Amino acid sequence: MNDPYEVLGVSRNASDSEIKKAYHDLVKKYHPDNYADNPLADLASEKMKQINEAYDSITRARASGASSSGGYQYGRSGASGGSYSYGYGYQGASGGGQYQTVRELLNSNRLDAAEATLNGMPNRDAEWYFLRGEIAYRRGWLDEARQNYQAACSMQPGNMQYRSALQNVSGAYTPYRQTNYQQSSDLNDACNICNALLCLNCLCGGGGCGR
Amino acid sequence: MFGYVRPLRPELRIRDYDAYHAAYCGLCRALAKRYGFRSRFLVNYDMTFLYLVRASVRPAAPTRRCFCPARPGRKKPCLCDDDGFARVAACTVVLCYCKILDNIRDSGFWKGLACRLLKHVYRRPWRKAEQDAPEFAALVRTKLRALSELEAAKSPGMDAAADTFAAIVAACADDLPDEAIRRPAQALLYQVGRHVYLCDALDDLAEDLRTDGYNPLRYRFAPTQTGLSDEDLAYLSQIMDSGVNLAGAALSLLPVRQYGSLLENIVYLGLPAVFAAVKTGRFRAGAKEFPRKENPS
């Protein structure tokens with residue numbers, strides 16, 4: 001077990017709000033959404049657990065008035081003080097028993113076995129294409145993943161799970177990035193602000209708001 | 001296919017720039033020390049990235065000022081990390097030698113002549129590197145054989161072709177003992193290897209169309225003589241963006257102790273910038289932010 005302050009990357013005499021900010025940033029960085037269908041999801045959830053534990057132990061130590069130098073506890077806390085917890089895995093998994101087997105194989109990262117089971121199935125419905133896409137995505141084969149997701153979506157356009165998977169490989173979804181480098185795009189931002197102001201002006205100006 | 005993995009220089013901090021140069025020079029020195037002077041010429045940006053990934057989880061190594069044959073007048077800061085560079089140097093020699101063999105097979109008599117000469121020059125370093133990393137050399141051979149089979153079959157599977165090269169790059173981290181480090185490192189290197197392969201394919205597309213050579217994009221997208229259509233390019237860009245996202249997700253899980261911001265620059269800014277430059281043909285022309293030649297100050 002590591003020092004909770006080290007886990008959150010803050011100094012021992014950081015203020016409560018600094019700690020909260022560091023915690024929120026880390027939660028966004030290792031959020032399960034960033035590791036959906038990723039073979040590294042187990043490592044991310046492990047990391048998330050450490051972050052939650054570190055935050056819990058700091059908040060508990062500070063609330064009980066203990067000095068912040070080495071007063072933290074080891075081990076998993078019982079009631080977590082407002083920390084995030086997310087579950088991995090599929091929600092509302094439907095379909096036949098064989099699809100269930102494929103999903104279980106996928107969750108244990110046995111991609112070749114999952115593919116073999118899938119190839120042995122006679123009917124090719126939306127779920128079949130979706131699971132093929134899942135296998136390709138976990139391998140990092142993004143072109144194939146996208147083609148399969150696309151096929152699944154065109155067969156069942158209403159399915160949100162298929163749609164979000166497709167969006168994920170279409171570059172529509174950008175995960176949260178906590179980097180020290182941000183591309184300088186001031187010009188863009190300034191334009192956005194101007195646009196927003198113009199819009200506001202159009203909407204409110206005519207009506208004489210504020211009067 | 002070297003030179004596609006590099007930091008975006010305008011966004012690089014001075015201390016990261018210095019660290020990058022020290023690692024680059026350190027790799028060059030390690031190559032000379034292990035595989036003779038001639039192996040100094042094999043040093044490149046991509047293998048420097050491989051070193052940075054592997055060294056990021058370890059404590060910092062000392063930097064000393066060392067003699068540089070390219071600049072005999074003054075000594076340059078150089079990372080002295082013999083253990084850390086051992087595997088990277090072996091992988092560099094193996095990969096470069098396989099690249100030479102590949103060139104001999106692909107090119108005609110006159111161009112192949114130069115490569116055949118190079119093959120003789122690097123035969124001895126290759127033998128030693130093969131002994132130092134036997135399982136890696138064996139894997140490179142199998143994967144390159146698989147790639148040439150795909151080429152012969154004119155396979156339209158862009159992923160399968162990229163997989164052969166990406167698996168080779170990922171295997172450079174096979175020897176890491178700790179699973180919590182090895183898995184993110186391999187996932188990161190796999191996506192970076194894919195990125196390199198696809199950038200290279202796009203960069204060579206016009207030439208391959210002219211000479212009727214193999215190119216995975218040619219069979220995947222059916223381009224015209226002028227290259228890919230705007231629609232296909234947009235599709236490819238989105239695929240590359242998702243790849244960078246996966247690489248970034250893997251990088252976040254690497255328990256880094258140093259080089260964190262430098263690796264972030266390379267993955268989040270360098271990779272997309274190189275692809276954008278390749279897309280517009282600026283990379284080949286030697287755009288200002290990507291000089292073709294290393295220009296150490």
# chains A, B, ... in the order shown; residues from 1 in each chain; ligands from 1
>>> closest_atom_pairs(of="chain B", to="chain A", cutoff="6 Å", atoms="only C-alpha atoms", output="tab-separated table")
residue	atom	partner	partner_atom	distance
B:Asp159	CA	A:Trp141	CA	5.3
B:Gln238	CA	A:Gly171	CA	5.0
B:Asp241	CA	A:Gly171	CA	5.9
B:Ser242	CA	A:Val169	CA	5.5
>>> write_last_selection(atoms="C-alpha atoms", output="short mmCIF file (atom, residue, chain, number, x, y, z; two decimals), in the first residue's frame")
data_model
loop_
_atom_site.label_atom_id
_atom_site.label_comp_id
_atom_site.auth_asym_id
_atom_site.auth_seq_id
_atom_site.Cartn_x
_atom_site.Cartn_y
_atom_site.Cartn_z
CA ASP B 159 -5.36 -4.36 -39.87
CA GLN B 238 -10.62 8.80 -37.56
CA ASP B 241 -7.30 9.13 -33.86
CA SER B 242 -8.87 6.12 -32.15
#
>>> select_by_dssp(residues="stretch 63-205 of chain B", states="alpha helix (DSSP H)", output="MDAnalysis selection string")
chainID B and resid 82:106 109:121 123:132 134:152 158:171 179:205
>>> atom_distance(atom1="atom CA of B:Val94", atom2="atom CA of B:Ala133")
8.6 Å
>>> closest_residue(among="A:Asn159, A:Ser154, A:Thr59, A:Thr101", to="A:Ile19", atoms="only C-alpha atoms")
A:Thr59
>>> closest_residue(among="B:Ala161, B:Cys91, B:Cys96, B:Ala86", to="B:Glu135", atoms="only C-alpha atoms")
B:Cys91
>>> select_by_dssp(residues="stretch 58-154 of chain B", states="strand (DSSP E)", output="ChimeraX atom specification")
/B:63-68,71-79
>>> residues_around(residues="stretch 109-123 of chain A", least_positions_apart="4", cutoff="7 Å", atoms="only C-alpha atoms", output="JSON, numbers by chain")
{"A": [39, 102, 105, 135]}
>>> write_last_selection(atoms="C-alpha atoms", output="compact mmCIF listing (two decimals), in the first residue's frame")
# COMPACT_ATOMS: atom_id res chain seq x y z
CA PRO A 39 -8.08 -5.30 -22.44
CA VAL A 102 -18.49 -15.30 -26.20
CA LEU A 105 -14.48 -15.23 -23.12
CA ILE A 135 -12.88 -8.87 -30.61
>>> closest_residue(among="B:Ile266, B:Ala32, B:Ala60, B:Val121", to="B:Gly84", atoms="only C-alpha atoms")
B:Ala60
>>> residues_around(residues="B:Arg13", least_positions_apart="2", cutoff="10 Å", atoms="only C-alpha atoms", output="ChimeraX atom specification")
/A:180-181 /B:9-11,15-19,261-262,265
>>> residues_around(residues="B:Pro255", least_positions_apart="6", cutoff="10 Å", atoms="only C-alpha atoms", output="list in words")
Ser56, Val57, Arg58, Ala180, Ile181, Pro184 and Ala185 of chain B
>>> write_last_selection(atoms="N, CA, C and O atoms", output="compact mmCIF listing (two decimals), in the first residue's frame")
# COMPACT_ATOMS: atom_id res chain seq x y z
N SER B 56 10.98 4.76 -18.51
CA SER B 56 10.09 5.65 -17.76
C SER B 56 9.69 5.07 -16.41
O SER B 56 9.40 5.81 -15.48
N VAL B 57 9.69 3.74 -16.28
CA VAL B 57 9.25 3.14 -15.02
C VAL B 57 10.42 2.89 -14.08
O VAL B 57 10.24 2.35 -13.00
N ARG B 58 11.62 3.28 -14.51
CA ARG B 58 12.80 3.03 -13.67
C ARG B 58 13.34 4.36 -13.14
O ARG B 58 13.04 5.41 -13.68
N ALA B 180 2.23 -5.72 -14.54
CA ALA B 180 1.55 -4.41 -14.47
C ALA B 180 2.28 -3.36 -15.30
O ALA B 180 1.72 -2.32 -15.60
N ILE B 181 3.54 -3.62 -15.65
CA ILE B 181 4.27 -2.72 -16.53
C ILE B 181 4.25 -3.24 -17.96
O ILE B 181 4.05 -2.49 -18.91
N PRO B 184 0.63 -2.65 -20.17
CA PRO B 184 0.43 -1.33 -20.77
C PRO B 184 1.53 -0.97 -21.77
O PRO B 184 1.24 -0.36 -22.82
N ALA B 185 2.78 -1.38 -21.48
CA ALA B 185 3.88 -1.05 -22.40
C ALA B 185 3.65 -1.71 -23.75
O ALA B 185 3.81 -1.09 -24.81
